[in-house]
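As provided, input_16.cif (mmCIF, C-alpha atoms and all ligand atoms) reads as follows.
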```
data_work
#
loop_
_atom_site.label_atom_id
_atom_site.label_comp_id
_atom_site.auth_asym_id
_atom_site.auth_seq_id
_atom_site.Cartn_x
_atom_site.Cartn_y
_atom_site.Cartn_z
CA MET A 1 56.94 107.96 132.45
CA THR A 2 56.81 104.65 130.62
CA ASP A 3 55.91 106.54 127.45
CA ASP A 4 58.98 108.67 127.97
CA LEU A 5 61.12 105.57 128.13
CA HIS A 6 59.72 104.29 124.82
CA THR A 7 61.07 107.34 123.04
CA LEU A 8 64.61 106.42 124.10
CA SER A 9 64.77 103.40 121.78
CA GLY A 10 66.40 105.34 118.96
CA ALA A 11 69.00 106.95 121.18
CA TYR A 12 69.70 103.59 122.81
CA ALA A 13 70.22 101.80 119.50
CA MET A 14 72.78 104.47 118.57
CA ASP A 15 74.64 104.22 121.90
CA ALA A 16 73.53 107.78 122.55
CA ILE A 17 72.34 107.46 126.14
CA GLY A 18 75.37 108.79 127.96
CA ASP A 19 74.02 108.67 131.48
CA THR A 20 74.63 105.25 133.03
CA GLU A 21 71.61 105.40 135.32
CA GLU A 22 69.33 106.43 132.48
CA ARG A 23 70.67 103.67 130.26
CA ARG A 24 70.16 101.09 133.00
CA ARG A 25 66.58 102.25 133.44
CA PHE A 26 65.92 101.93 129.73
CA GLU A 27 67.48 98.48 129.67
CA SER A 28 65.22 97.22 132.42
CA HIS A 29 62.27 98.65 130.49
CA LEU A 30 63.60 96.99 127.34
CA ALA A 31 63.59 93.61 129.00
CA ARG A 32 59.83 93.91 129.54
CA CYS A 33 58.66 95.97 126.55
CA GLU A 34 58.29 93.96 123.38
CA THR A 35 57.73 97.06 121.26
CA CYS A 36 61.02 98.58 122.33
CA ALA A 37 62.84 95.26 121.95
CA THR A 38 61.62 94.93 118.36
CA GLU A 39 62.49 98.55 117.67
CA VAL A 40 66.00 98.32 119.04
CA HIS A 41 66.54 95.17 117.02
CA GLU A 42 65.36 96.82 113.81
CA PHE A 43 67.07 100.11 114.56
CA ARG A 44 70.41 98.38 114.95
CA ALA A 45 69.95 96.64 111.62
CA THR A 46 69.15 100.09 110.22
CA THR A 47 72.09 101.94 111.70
CA ALA A 48 74.38 99.10 110.62
CA ARG A 49 73.49 100.24 107.10
CA LEU A 50 74.70 103.72 107.93
CA GLY A 51 77.90 102.14 109.19
CA LEU A 52 78.37 100.03 106.08
CA ALA A 53 77.93 103.10 103.95
CA ALA A 54 81.05 104.57 105.53
CA ALA A 55 83.27 101.56 104.69
CA GLU A 56 86.93 102.38 104.32
CA PRO A 57 89.76 99.84 104.27
CA PRO A 58 92.02 99.86 107.34
CA PRO A 59 95.77 100.38 106.95
CA PRO A 60 97.24 97.28 105.28
CA GLY A 61 99.53 96.37 108.18
CA LEU A 62 96.62 95.85 110.53
CA ARG A 63 95.58 92.53 109.05
CA ASP A 64 98.82 90.76 109.95
CA ARG A 65 98.83 92.24 113.42
CA VAL A 66 95.28 91.12 114.13
CA LEU A 67 95.93 87.64 112.76
CA ALA A 68 99.05 87.35 114.91
CA ASP A 69 97.21 88.67 117.96
CA ILE A 70 94.39 86.14 117.90
CA ARG A 71 96.86 83.41 118.77
CA HIS A 72 97.09 85.01 122.17
CA VAL A 73 93.42 85.66 122.65
CA ARG A 74 91.36 82.91 124.18
CA GLN A 75 87.85 82.55 122.79
CA LEU A 76 84.81 82.74 124.99
CA PRO A 77 82.61 79.65 125.10
CA PRO A 78 79.06 80.02 123.80
CA VAL A 79 76.45 81.02 126.31
CA THR A 80 75.05 77.63 127.26
CA ALA A 81 71.71 76.28 128.40
CA ARG A 82 69.29 78.34 126.45
CA PRO A 83 65.94 77.68 128.07
CA SER A 84 63.48 76.15 125.60
CA PRO A 85 63.55 76.97 121.90
CA ALA A 86 63.82 80.63 120.93
CA PRO A 87 60.44 82.32 120.87
CA GLU A 88 58.84 82.83 117.50
CA ARG A 89 59.48 86.24 116.11
CA PRO A 90 56.56 88.63 115.94
CA LYS A 91 54.45 88.83 112.80
CA GLY A 92 56.37 86.19 110.85
CA ARG A 93 59.09 88.54 109.76
CA PRO A 94 61.28 87.00 107.11
CA ARG A 95 64.08 85.13 108.80
CA ARG A 96 67.41 84.65 107.29
CA TRP A 97 67.14 82.33 104.41
CA ARG A 98 68.83 79.23 105.68
CA ARG A 99 66.31 78.79 108.45
CA ALA A 100 63.54 79.73 106.06
CA ALA A 101 64.72 76.97 103.74
CA THR A 102 64.62 74.40 106.52
CA ALA A 103 61.15 75.52 107.48
CA ALA A 104 60.06 75.36 103.87
CA LEU A 105 61.39 71.82 103.65
CA VAL A 106 59.21 70.79 106.56
CA GLY A 107 56.41 72.84 105.05
CA ALA A 108 56.83 71.11 101.71
CA ALA A 109 56.18 67.72 103.25
CA CYS A 110 52.91 68.94 104.71
CA LEU A 111 51.90 70.59 101.47
CA VAL A 112 51.77 67.30 99.63
CA THR A 113 48.61 66.41 101.43
CA ALA A 114 47.35 69.90 102.04
CA VAL A 115 47.74 71.64 98.71
CA SER A 116 48.17 70.62 95.11
CA VAL A 117 51.00 68.34 94.18
CA THR A 118 52.44 70.75 91.61
CA GLN A 119 52.74 73.42 94.17
CA ALA A 120 54.53 71.05 96.50
CA ILE A 121 56.92 70.14 93.75
CA ARG A 122 57.61 73.75 92.99
CA GLU A 123 58.26 74.38 96.65
CA ARG A 124 60.50 71.34 96.83
CA GLN A 125 62.56 72.52 93.85
CA ARG A 126 62.96 75.89 95.40
CA VAL A 127 64.32 74.33 98.56
CA ASP A 128 66.60 72.01 96.60
CA ARG A 129 68.07 74.94 94.77
CA ALA A 130 68.59 76.81 98.02
CA GLU A 131 70.26 73.80 99.57
CA GLU A 132 72.41 73.33 96.51
CA THR A 133 73.63 76.93 96.68
CA SER A 134 74.27 76.52 100.34
CA ARG A 135 76.36 73.40 99.78
CA ALA A 136 78.31 75.06 96.99
CA VAL A 137 78.99 78.10 99.18
CA ALA A 138 80.13 75.89 102.03
CA SER A 139 82.45 73.92 99.75
CA VAL A 140 84.20 77.11 98.64
CA LEU A 141 84.37 78.66 102.09
CA SER A 142 85.86 75.60 103.65
CA ALA A 143 88.34 74.89 100.83
CA PRO A 144 91.91 74.99 102.10
CA ASP A 145 92.93 77.29 99.25
CA ALA A 146 90.04 79.74 99.62
CA ARG A 147 91.01 83.32 98.93
CA SER A 148 88.99 86.47 99.04
CA ALA A 149 88.79 90.07 97.95
CA THR A 150 86.43 92.94 98.55
CA GLY A 151 86.02 96.02 96.43
CA LEU A 152 83.87 99.09 96.15
CA ALA A 153 81.97 99.21 92.90
CA ARG A 154 82.07 102.39 90.88
CA GLY A 155 78.70 104.06 91.37
CA GLY A 156 78.22 102.57 94.83
CA GLY A 157 78.05 99.24 96.56
CA THR A 158 80.45 96.58 97.66
CA ILE A 159 81.36 93.28 96.07
CA THR A 160 83.03 90.49 97.96
CA ILE A 161 84.36 87.34 96.36
CA ILE A 162 85.69 84.16 97.85
CA ALA A 163 87.30 81.77 95.41
CA SER A 164 88.86 78.37 95.53
CA GLY A 165 90.84 76.67 92.79
CA ALA A 166 90.26 73.31 94.46
CA ALA A 167 86.50 73.82 94.41
CA GLY A 168 86.78 75.49 91.00
CA ARG A 169 84.23 78.06 92.07
CA VAL A 170 83.85 81.60 93.20
CA VAL A 171 81.24 82.88 95.65
CA VAL A 172 80.13 86.42 94.93
CA THR A 173 78.14 88.58 97.31
CA THR A 174 77.08 92.12 96.77
CA SER A 175 75.60 94.84 98.84
CA GLY A 176 74.30 98.26 98.07
CA LEU A 177 74.61 97.97 94.31
CA ARG A 178 72.58 100.62 92.56
CA ALA A 179 69.21 99.36 91.33
CA LEU A 180 69.16 99.25 87.53
CA PRO A 181 66.33 99.97 85.12
CA SER A 182 64.72 96.80 83.78
CA SER A 183 66.57 97.27 80.50
CA LYS A 184 69.91 96.71 82.25
CA THR A 185 71.52 94.01 84.34
CA TYR A 186 74.70 93.35 86.26
CA GLN A 187 76.86 90.66 84.72
CA LEU A 188 79.69 88.73 86.27
CA TRP A 189 82.91 87.97 84.37
CA LEU A 190 85.91 85.80 84.95
CA VAL A 191 88.90 87.45 83.34
CA ASN A 192 92.33 86.06 82.51
CA ASP A 193 94.94 86.45 79.79
CA SER A 194 92.70 84.84 77.19
CA GLY A 195 89.99 87.42 77.86
CA PRO A 196 86.73 87.63 79.78
CA ARG A 197 84.13 84.89 79.96
CA SER A 198 80.66 85.33 81.35
CA ALA A 199 79.88 83.81 84.72
CA GLY A 200 76.22 84.74 84.68
CA LEU A 201 73.99 87.60 85.70
CA LEU A 202 74.10 89.20 89.09
CA PRO A 203 70.86 90.55 90.55
CA ALA A 204 71.49 93.88 92.27
CA ASP A 205 69.29 93.29 95.24
CA ARG A 206 69.78 89.87 96.68
CA THR A 207 70.41 88.30 100.02
CA ARG A 208 72.10 85.16 98.82
CA PRO A 209 75.53 84.75 97.35
CA VAL A 210 75.94 83.75 93.73
CA VAL A 211 78.18 80.77 93.10
CA ALA A 212 79.90 80.76 89.75
CA GLY A 213 82.30 78.39 88.06
CA THR A 214 84.58 77.42 86.63
CA TRP A 215 86.99 79.62 88.50
CA ARG A 216 90.70 79.14 87.97
CA PRO A 217 93.43 80.71 90.08
CA SER A 218 94.49 82.95 87.19
CA ASP A 219 91.00 84.47 86.98
CA ARG A 220 90.07 87.88 88.17
CA VAL A 221 86.43 88.61 88.80
CA GLY A 222 84.72 91.61 87.23
CA VAL A 223 81.26 93.09 87.13
CA THR A 224 79.81 95.19 84.32
CA ILE A 225 76.45 96.70 83.51
CA GLU A 226 74.95 95.09 80.42
CA PRO A 227 71.67 95.19 78.49
CA ALA A 228 68.99 92.98 80.08
CA GLY A 229 69.71 89.34 79.39
CA GLY A 230 73.44 89.89 79.42
CA SER A 231 76.11 90.11 76.76
CA VAL A 232 78.53 87.65 75.22
CA ARG A 233 81.43 90.01 75.88
CA PRO A 234 81.52 92.98 78.23
CA THR A 235 80.24 96.15 76.57
CA THR A 236 81.06 98.54 79.43
CA THR A 237 84.02 99.19 81.69
CA PRO A 238 83.96 96.97 84.78
CA LEU A 239 82.61 98.60 87.93
CA VAL A 240 85.15 96.57 89.81
CA LEU A 241 87.78 93.99 88.98
CA LEU A 242 88.84 91.81 91.87
CA ASN A 243 91.86 89.64 92.26
CA PRO A 244 91.43 87.20 95.12
CA THR A 245 94.54 86.86 97.24
CA MET B 1 66.89 80.57 92.56
CA PRO B 2 65.36 80.56 96.04
CA THR B 3 62.55 83.05 96.38
CA GLY B 4 64.03 86.39 97.32
CA THR B 5 62.24 87.73 100.34
CA GLY B 6 62.55 91.47 100.52
CA PRO B 7 65.71 93.50 100.76
CA PRO B 8 69.20 92.19 101.44
CA ASP B 9 69.92 90.99 104.95
CA ASN B 10 70.70 94.33 106.51
CA GLY B 11 72.27 95.26 103.19
CA THR B 12 75.33 93.63 104.58
CA VAL B 13 78.59 93.34 102.77
CA SER B 14 77.98 89.66 102.43
CA GLY B 15 75.02 88.75 104.63
CA GLN B 16 75.05 85.01 104.66
CA VAL B 17 78.78 84.67 104.09
CA VAL B 18 79.50 86.78 107.14
CA ASP B 19 77.05 84.68 109.16
CA HIS B 20 78.80 81.55 108.01
CA LEU B 21 82.30 82.88 108.69
CA LEU B 22 81.39 84.12 112.14
CA GLY B 23 79.93 80.70 112.95
CA ARG B 24 83.15 79.00 111.93
CA THR B 25 85.21 81.57 113.77
CA ALA B 26 83.22 80.71 116.88
CA ARG B 27 84.56 77.19 116.55
CA GLY B 28 88.14 78.41 116.52
CA ASP B 29 88.69 78.29 112.76
CA GLU B 30 91.50 80.77 112.11
CA ARG B 31 91.15 80.64 108.35
CA ALA B 32 87.49 81.51 108.65
CA PHE B 33 88.49 84.43 110.84
CA GLU B 34 90.90 85.58 108.14
CA ARG B 35 88.04 85.61 105.66
CA LEU B 36 85.88 87.34 108.18
CA TYR B 37 88.55 89.99 108.56
CA ASP B 38 88.60 90.52 104.80
CA ALA B 39 84.84 90.79 104.63
CA VAL B 40 84.24 93.14 107.54
CA ALA B 41 87.44 95.09 108.27
CA ALA B 42 86.55 97.89 105.84
CA PRO B 43 83.02 98.48 107.18
CA VAL B 44 84.27 98.28 110.76
CA HIS B 45 87.19 100.60 110.17
CA GLY B 46 85.15 103.07 108.13
CA LEU B 47 82.59 103.41 110.88
CA VAL B 48 85.18 103.61 113.64
CA ARG B 49 87.13 106.21 111.72
CA ARG B 50 84.00 108.28 111.20
CA VAL B 51 83.28 108.28 114.90
CA VAL B 52 86.73 108.70 116.42
CA ARG B 53 88.17 110.71 113.51
CA ASP B 54 91.81 110.43 114.60
CA PRO B 55 93.41 107.88 112.20
CA ALA B 56 95.80 106.39 114.77
CA ILE B 57 93.08 105.94 117.36
CA ALA B 58 90.76 104.55 114.70
CA GLU B 59 93.31 101.90 113.81
CA GLU B 60 93.64 100.93 117.46
CA VAL B 61 89.90 100.67 117.94
CA THR B 62 89.49 98.65 114.74
CA GLN B 63 92.10 96.24 116.03
CA GLU B 64 90.25 95.97 119.35
CA VAL B 65 86.99 95.30 117.54
CA MET B 66 88.49 92.59 115.35
CA LEU B 67 89.99 90.85 118.37
CA GLU B 68 86.69 91.17 120.16
CA LEU B 69 85.01 89.39 117.23
CA TRP B 70 87.47 86.55 117.55
CA ARG B 71 87.00 86.37 121.30
CA SER B 72 83.21 86.66 121.40
CA ALA B 73 82.17 85.00 118.14
CA ALA B 74 80.41 82.22 120.04
CA ARG B 75 78.32 84.78 121.86
CA HIS B 76 76.55 85.86 118.70
CA ASP B 77 73.08 84.38 118.66
CA PRO B 78 71.96 83.98 115.04
CA ASP B 79 68.33 83.88 116.20
CA ARG B 80 68.68 87.45 117.29
CA GLY B 81 69.88 88.90 114.03
CA GLY B 82 72.50 88.80 111.31
CA ALA B 83 76.20 88.68 112.07
CA MET B 84 76.89 91.91 110.21
CA THR B 85 74.50 93.90 112.38
CA TRP B 86 76.05 92.36 115.47
CA ILE B 87 79.53 93.28 114.27
CA MET B 88 78.60 96.85 113.41
CA THR B 89 76.91 97.22 116.79
CA ILE B 90 80.10 96.15 118.55
CA ALA B 91 82.20 98.44 116.38
CA HIS B 92 79.97 101.41 117.06
CA ARG B 93 79.90 100.86 120.79
CA ARG B 94 83.69 100.53 120.98
CA ALA B 95 84.19 103.64 118.90
CA VAL B 96 81.73 105.62 120.98
CA ASP B 97 83.28 104.47 124.26
CA ARG B 98 86.66 105.55 123.03
CA VAL B 99 85.61 108.93 121.71
CA ARG B 100 83.76 109.69 124.95
CA ARG B 101 86.84 108.86 126.98
CA GLU B 102 88.91 111.14 124.77
CA ARG B 103 86.33 113.88 125.05
CA SER B 104 85.98 113.77 128.81
CA SER B 105 89.76 113.91 129.18
CA GLY B 106 89.87 116.93 126.91
CA GLU B 107 86.70 118.91 127.50
CA ARG B 108 87.99 121.51 125.06
CA GLU B 109 86.16 120.09 122.11
CA ALA B 110 82.83 120.08 123.87
CA ARG B 111 83.27 123.65 125.01
CA ALA B 112 84.24 124.77 121.53
CA ALA B 113 81.18 122.97 120.26
CA ARG B 114 78.95 124.89 122.64
CA ARG B 115 80.47 128.18 121.59
CA ASP B 116 80.08 127.50 117.92
CA PRO B 117 77.56 124.76 117.30
CA VAL B 118 77.44 125.19 113.55
CA ALA B 119 81.16 124.74 113.08
CA ALA B 120 81.07 121.79 115.40
CA HIS B 121 78.62 119.63 113.54
CA ASP B 122 78.35 120.66 109.94
CA PRO B 123 81.75 119.41 108.82
CA VAL B 124 81.02 115.99 110.29
CA ALA B 125 77.68 115.71 108.61
CA ASP B 126 79.03 117.05 105.31
CA ARG B 127 81.96 114.68 105.23
CA VAL B 128 79.72 111.80 106.04
CA GLU B 129 77.28 112.80 103.33
CA ALA B 130 80.02 113.17 100.79
CA ARG B 131 81.57 109.84 101.62
CA LEU B 132 78.52 107.68 101.68
CA ASP B 133 79.11 104.89 99.28
CA TYR B 134 75.63 103.68 98.98
CA GLU B 135 73.21 105.46 96.81
CA ARG B 136 70.31 104.02 98.71
CA VAL B 137 71.46 105.07 102.16
CA ARG B 138 72.18 108.51 100.81
CA ARG B 139 68.80 108.73 99.22
CA CYS B 140 67.09 107.58 102.41
CA LEU B 141 69.04 110.03 104.56
CA ARG B 142 67.72 112.75 102.30
CA THR B 143 64.15 111.84 103.16
CA LEU B 144 64.67 112.84 106.79
CA THR B 145 63.63 116.23 108.09
CA PRO B 146 66.60 118.51 108.79
CA LEU B 147 66.33 117.96 112.55
CA GLN B 148 65.96 114.19 112.19
CA HIS B 149 68.92 114.10 109.87
CA GLU B 150 71.06 116.20 112.13
CA THR B 151 70.25 114.31 115.31
CA VAL B 152 70.77 110.89 113.72
CA THR B 153 74.08 111.74 112.07
CA LEU B 154 75.45 113.58 115.11
CA ALA B 155 74.60 110.63 117.32
CA TYR B 156 75.61 107.80 115.04
CA TYR B 157 78.57 109.16 113.09
CA GLY B 158 79.53 111.81 115.61
CA GLY B 159 79.28 109.53 118.64
CA HIS B 160 77.42 112.20 120.62
CA THR B 161 74.91 111.43 123.36
CA TYR B 162 71.42 112.68 122.77
CA ARG B 163 71.96 115.31 125.46
CA GLU B 164 75.08 116.54 123.68
CA VAL B 165 73.16 116.57 120.43
CA ALA B 166 70.48 118.65 122.13
CA GLU B 167 73.09 121.23 123.05
CA LEU B 168 74.64 121.17 119.60
CA VAL B 169 71.39 121.74 117.77
CA GLY B 170 69.84 123.94 120.46
CA ALA B 171 66.72 121.83 121.01
CA PRO B 172 65.33 120.27 124.21
CA PRO B 173 66.66 116.76 124.96
CA ASN B 174 63.17 115.25 124.84
CA THR B 175 62.58 116.65 121.39
CA VAL B 176 65.95 115.37 120.24
CA ARG B 177 65.42 111.80 121.38
CA THR B 178 62.00 111.74 119.75
CA ARG B 179 63.46 113.09 116.50
CA MET B 180 66.20 110.48 116.62
CA ARG B 181 63.64 107.73 116.94
CA ASP B 182 61.43 109.21 114.20
CA GLY B 183 64.49 109.57 112.00
CA ILE B 184 65.57 105.95 112.38
CA ILE B 185 62.03 104.74 111.80
CA ARG B 186 61.95 106.67 108.57
CA LEU B 187 65.33 105.27 107.56
CA ARG B 188 64.26 101.77 108.50
CA ASP B 189 61.17 102.02 106.32
CA CYS B 190 63.03 103.66 103.46
CA LEU B 191 65.76 100.99 103.50
CA GLY B 192 63.23 98.21 103.98
CA VAL B 193 65.08 96.83 107.00
CA GLU B 194 63.35 93.81 108.51
CA GLY B 195 65.26 93.38 111.71
ZN ZN C 301 58.93 100.46 125.44
#
```

Using the file provided, produce a representation of the structure as structure tokens.
Amino acid sequence: MTDDLHTLSGAYAMDAIGDTEERRRFESHLARCETCATEVHEFRATTARLGLAAAEPPPPGLRDRVLADIRHVRQLPPVTARPSPAPERPKGRPRRWRRAATAALVGAACLVTAVSVTQAIRERQRVDRAEETSRAVASVLSAPDARSATGLARGGGTITIIASGAAGRVVVTTSGLRALPSSKTYQLWLVNDSGPRSAGLLPADRTRPVVAGTWRPSDRVGVTIEPAGGSVRPTTTPLVLLNPT
Amino acid sequence: MPTGTGPPDNGTVSGQVVDHLLGRTARGDERAFERLYDAVAAPVHGLVRRVVRDPAIAEEVTQEVMLELWRSAARHDPDRGGAMTWIMTIAHRRAVDRVRRERSSGEREARAARRDPVAAHDPVADRVEARLDYERVRRCLRTLTPLQHETVTLAYYGGHTYREVAELVGAPPNTVRTRMRDGIIRLRDCLGVEG
């Protein structure tokens, strides 16, 4: 019986248990079964990928309606009083990077005595760079003139940019870009009337946003595929050219 | 560059940015919500549209989902996963609820499906396959067995319950739910999802 319930984790993660009683029974099992809880968690992250793959912009008028509507929708308060700190996740799965960076910072302090000093320094630099990116991202996101754009790249994947003239920077995030052979790389360009200028290379498979400068309000943001190491000028047609609005 | 650990955070449109924007939205920041809209409206709408199919209903549901994000942003617990997964989970559930209501009010579709199972599911699966934007997802879907593939796509994109899927594919419900689970496990491993 319990074994039977385990096999419902996939259906549950896809909202495919139609029978209310059956769903309730699985949920009470879920509350006690760590295996199923982990599975449902991972399965949802997996099916979210299927969802993302189907991305399609909504009708343009919807944005204004939603933004007008929220003025009439009261926000729920956070669920308060979480008992004790959240339990450690099983098997030290990689957490999202911000928390990992904080942990590494604490870890770095311990390393000074525990391991070699060089290693500690390397660790420390890694954290500093992470923190620096994080600060740069935050400065763009919170800029009063921040604007954004999202586009589908030719050949697959999505690129989102958020830019601020005040911060002079653009934050670029990608998802689902095709992996390239080692002889090729994605390169980021800022494009205006005086032509394109390189804003650095863009790894295809990364969790963190890239922050590039110096972005000016007249700049569009493009991505091309270039030979490894990058090019001085674009040598291929942009996969996408975004104009933040 | 901070050490990259594994694959992108759920392969999300903008992983960390979406996390950040949802966090600010939770504190009532309307501009952050605007950015959040720009970052997630297309994935939300695409998924909703796939499930409910009718464009007008899809637009309605997308609107509901976006308002729900505004309303419940503070309820997202970052310790329990990325914002994008949370958002797509809400979108899917809303879409499925809606399509089930439509279906139960008009049983016609279900009956037609029983009469002609092939016609009922192939077009959905084909359209989905053809429209997939991500090479990787497409490639991973191809690694599933035919029954895994069919059960996963009918449930997730088609919004069918596993019992409905069982009828559509003509297999016992217990087999179907096992195949669904096996299918997602295979996808999870192929995509390198880390929860
Ligand atoms: Zn279980």

Residues at most 8 Å from ligand ZN 301 (chain C), using all atoms listed in the file? Could they come as a compact mmCIF listing (two decimals) with C-alpha atoms, in the coordinates of the input?
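Result written to part26.txt:
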```txt
# COMPACT_ATOMS: atom_id res chain seq x y z
CA THR A 2 56.81 104.65 130.62
CA ASP A 3 55.91 106.54 127.45
CA LEU A 5 61.12 105.57 128.13
CA HIS A 6 59.72 104.29 124.82
CA THR A 7 61.07 107.34 123.04
CA SER A 9 64.77 103.40 121.78
CA HIS A 29 62.27 98.65 130.49
CA LEU A 30 63.60 96.99 127.34
CA ARG A 32 59.83 93.91 129.54
CA CYS A 33 58.66 95.97 126.55
CA GLU A 34 58.29 93.96 123.38
CA THR A 35 57.73 97.06 121.26
CA CYS A 36 61.02 98.58 122.33
CA ALA A 37 62.84 95.26 121.95
```

Of the candidates B:Val165, B:Ile87, B:Ala32, B:Val137, which shows the shortest atom-to-atom distance to Asp189 (chain B), using only C-alpha atoms?
B:Val137

Listed atoms of region 68-77 of chain A boxed axis-aligned with 5 Å per side, centre + edges as lines of an AutoDock Vina configuration file:
```
center_x = 90.8
center_y = 84.2
center_z = 120.0
size_x = 26.4
size_y = 19.0
size_z = 20.2
```

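The space between CA of Val232 (chain A) and CA of Val137 (chain A) spans 25.8 Å.
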
For chain B, which residue out of A:Ser183, A:Thr20, A:Thr173, A:Ser139 is the nearest one, using only C-alpha atoms?
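Comparing A:Ser183, A:Thr20, A:Thr173, A:Ser139 against chain B, the winner is A:Thr173.
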
Using all atoms listed in the file, what does the table of chain A residues within 6 Å of chain B look like, with each row giving the shortest atom pair and its distance in Å to one decimal, sorted by chain and ascending number, as CSV?
```
residue,atom,partner,partner_atom,distance
A:Thr7,CA,B:Thr178,CA,5.6
A:Gly10,CA,B:Arg181,CA,4.2
A:Met14,CA,B:Tyr156,CA,5.6
A:Ala16,CA,B:Thr161,CA,4.0
A:Ile17,CA,B:Thr161,CA,5.5
A:Gly18,CA,B:Thr161,CA,5.3
A:His41,CA,B:Gly195,CA,5.7
A:Glu42,CA,B:Gly195,CA,4.0
A:Ala45,CA,B:Thr85,CA,5.4
A:Thr46,CA,B:Arg188,CA,5.4
A:Ala48,CA,B:Thr85,CA,5.5
A:Gly51,CA,B:Leu47,CA,5.1
A:Leu52,CA,B:Pro43,CA,5.0
A:Ala53,CA,B:Asp133,CA,5.1
A:Ala54,CA,B:Gly46,CA,5.1
A:Ala55,CA,B:Pro43,CA,4.0
A:Glu56,CA,B:Gly46,CA,4.3
A:Pro57,CA,B:Ala42,CA,4.1
A:Pro58,CA,B:His45,CA,5.6
A:Gln75,CA,B:Arg71,CA,4.2
A:Leu76,CA,B:Ser72,CA,5.6
A:Pro78,CA,B:Ala74,CA,4.6
A:Arg126,CA,B:Pro2,CA,5.3
A:Ala130,CA,B:Pro2,CA,5.3
A:Gly156,CA,B:Tyr134,CA,5.0
A:Gly157,CA,B:Tyr134,CA,5.6
A:Thr173,CA,B:Ser14,CA,5.2
A:Ser175,CA,B:Val13,CA,5.2
A:Gly176,CA,B:Tyr134,CA,5.7
A:Arg206,CA,B:Pro8,CA,5.3
A:Thr207,CA,B:Pro8,CA,4.3
```

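Atom to atom, CA of Glu167 (chain B) and CA of Arg23 (chain A) stand 19.1 Å apart.
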
What is the CA of Glu150 (chain B)-CA of Asp54 (chain B) distance in Å, reported with one decimal?
21.7 Å

Just want the 10 Å neighbourhood of Ala199 (chain A), counted on only C-alpha atoms, with same-chain residues fewer than 4 positions away dropped. Output as a PyMOL selection string.
chain A and resi 170+187-191+210-215+221-223

From the set A:Thr150, A:Gly155, A:Pro234, A:Ser164, which residue has the shortest atom-to-atom contact distance to Ala138 (chain A), counting all atoms listed in the file?
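Among the listed residues, A:Ser164 lies closest to Ala138 (chain A).
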
Nearest to Thr235 (chain A) among A:Thr185, A:Tyr12, A:Ser194, A:Arg154, with distances taken over all atoms listed in the file: which residue is it?
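So, comparing all the options, the nearest one is A:Thr185.
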
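Residue nearest Thr38 (chain A) within the list A:Ala146, A:Ala13, A:Val171, A:Glu226: A:Ala13 [criterion: smallest interatomic distance, only C-alpha atoms].
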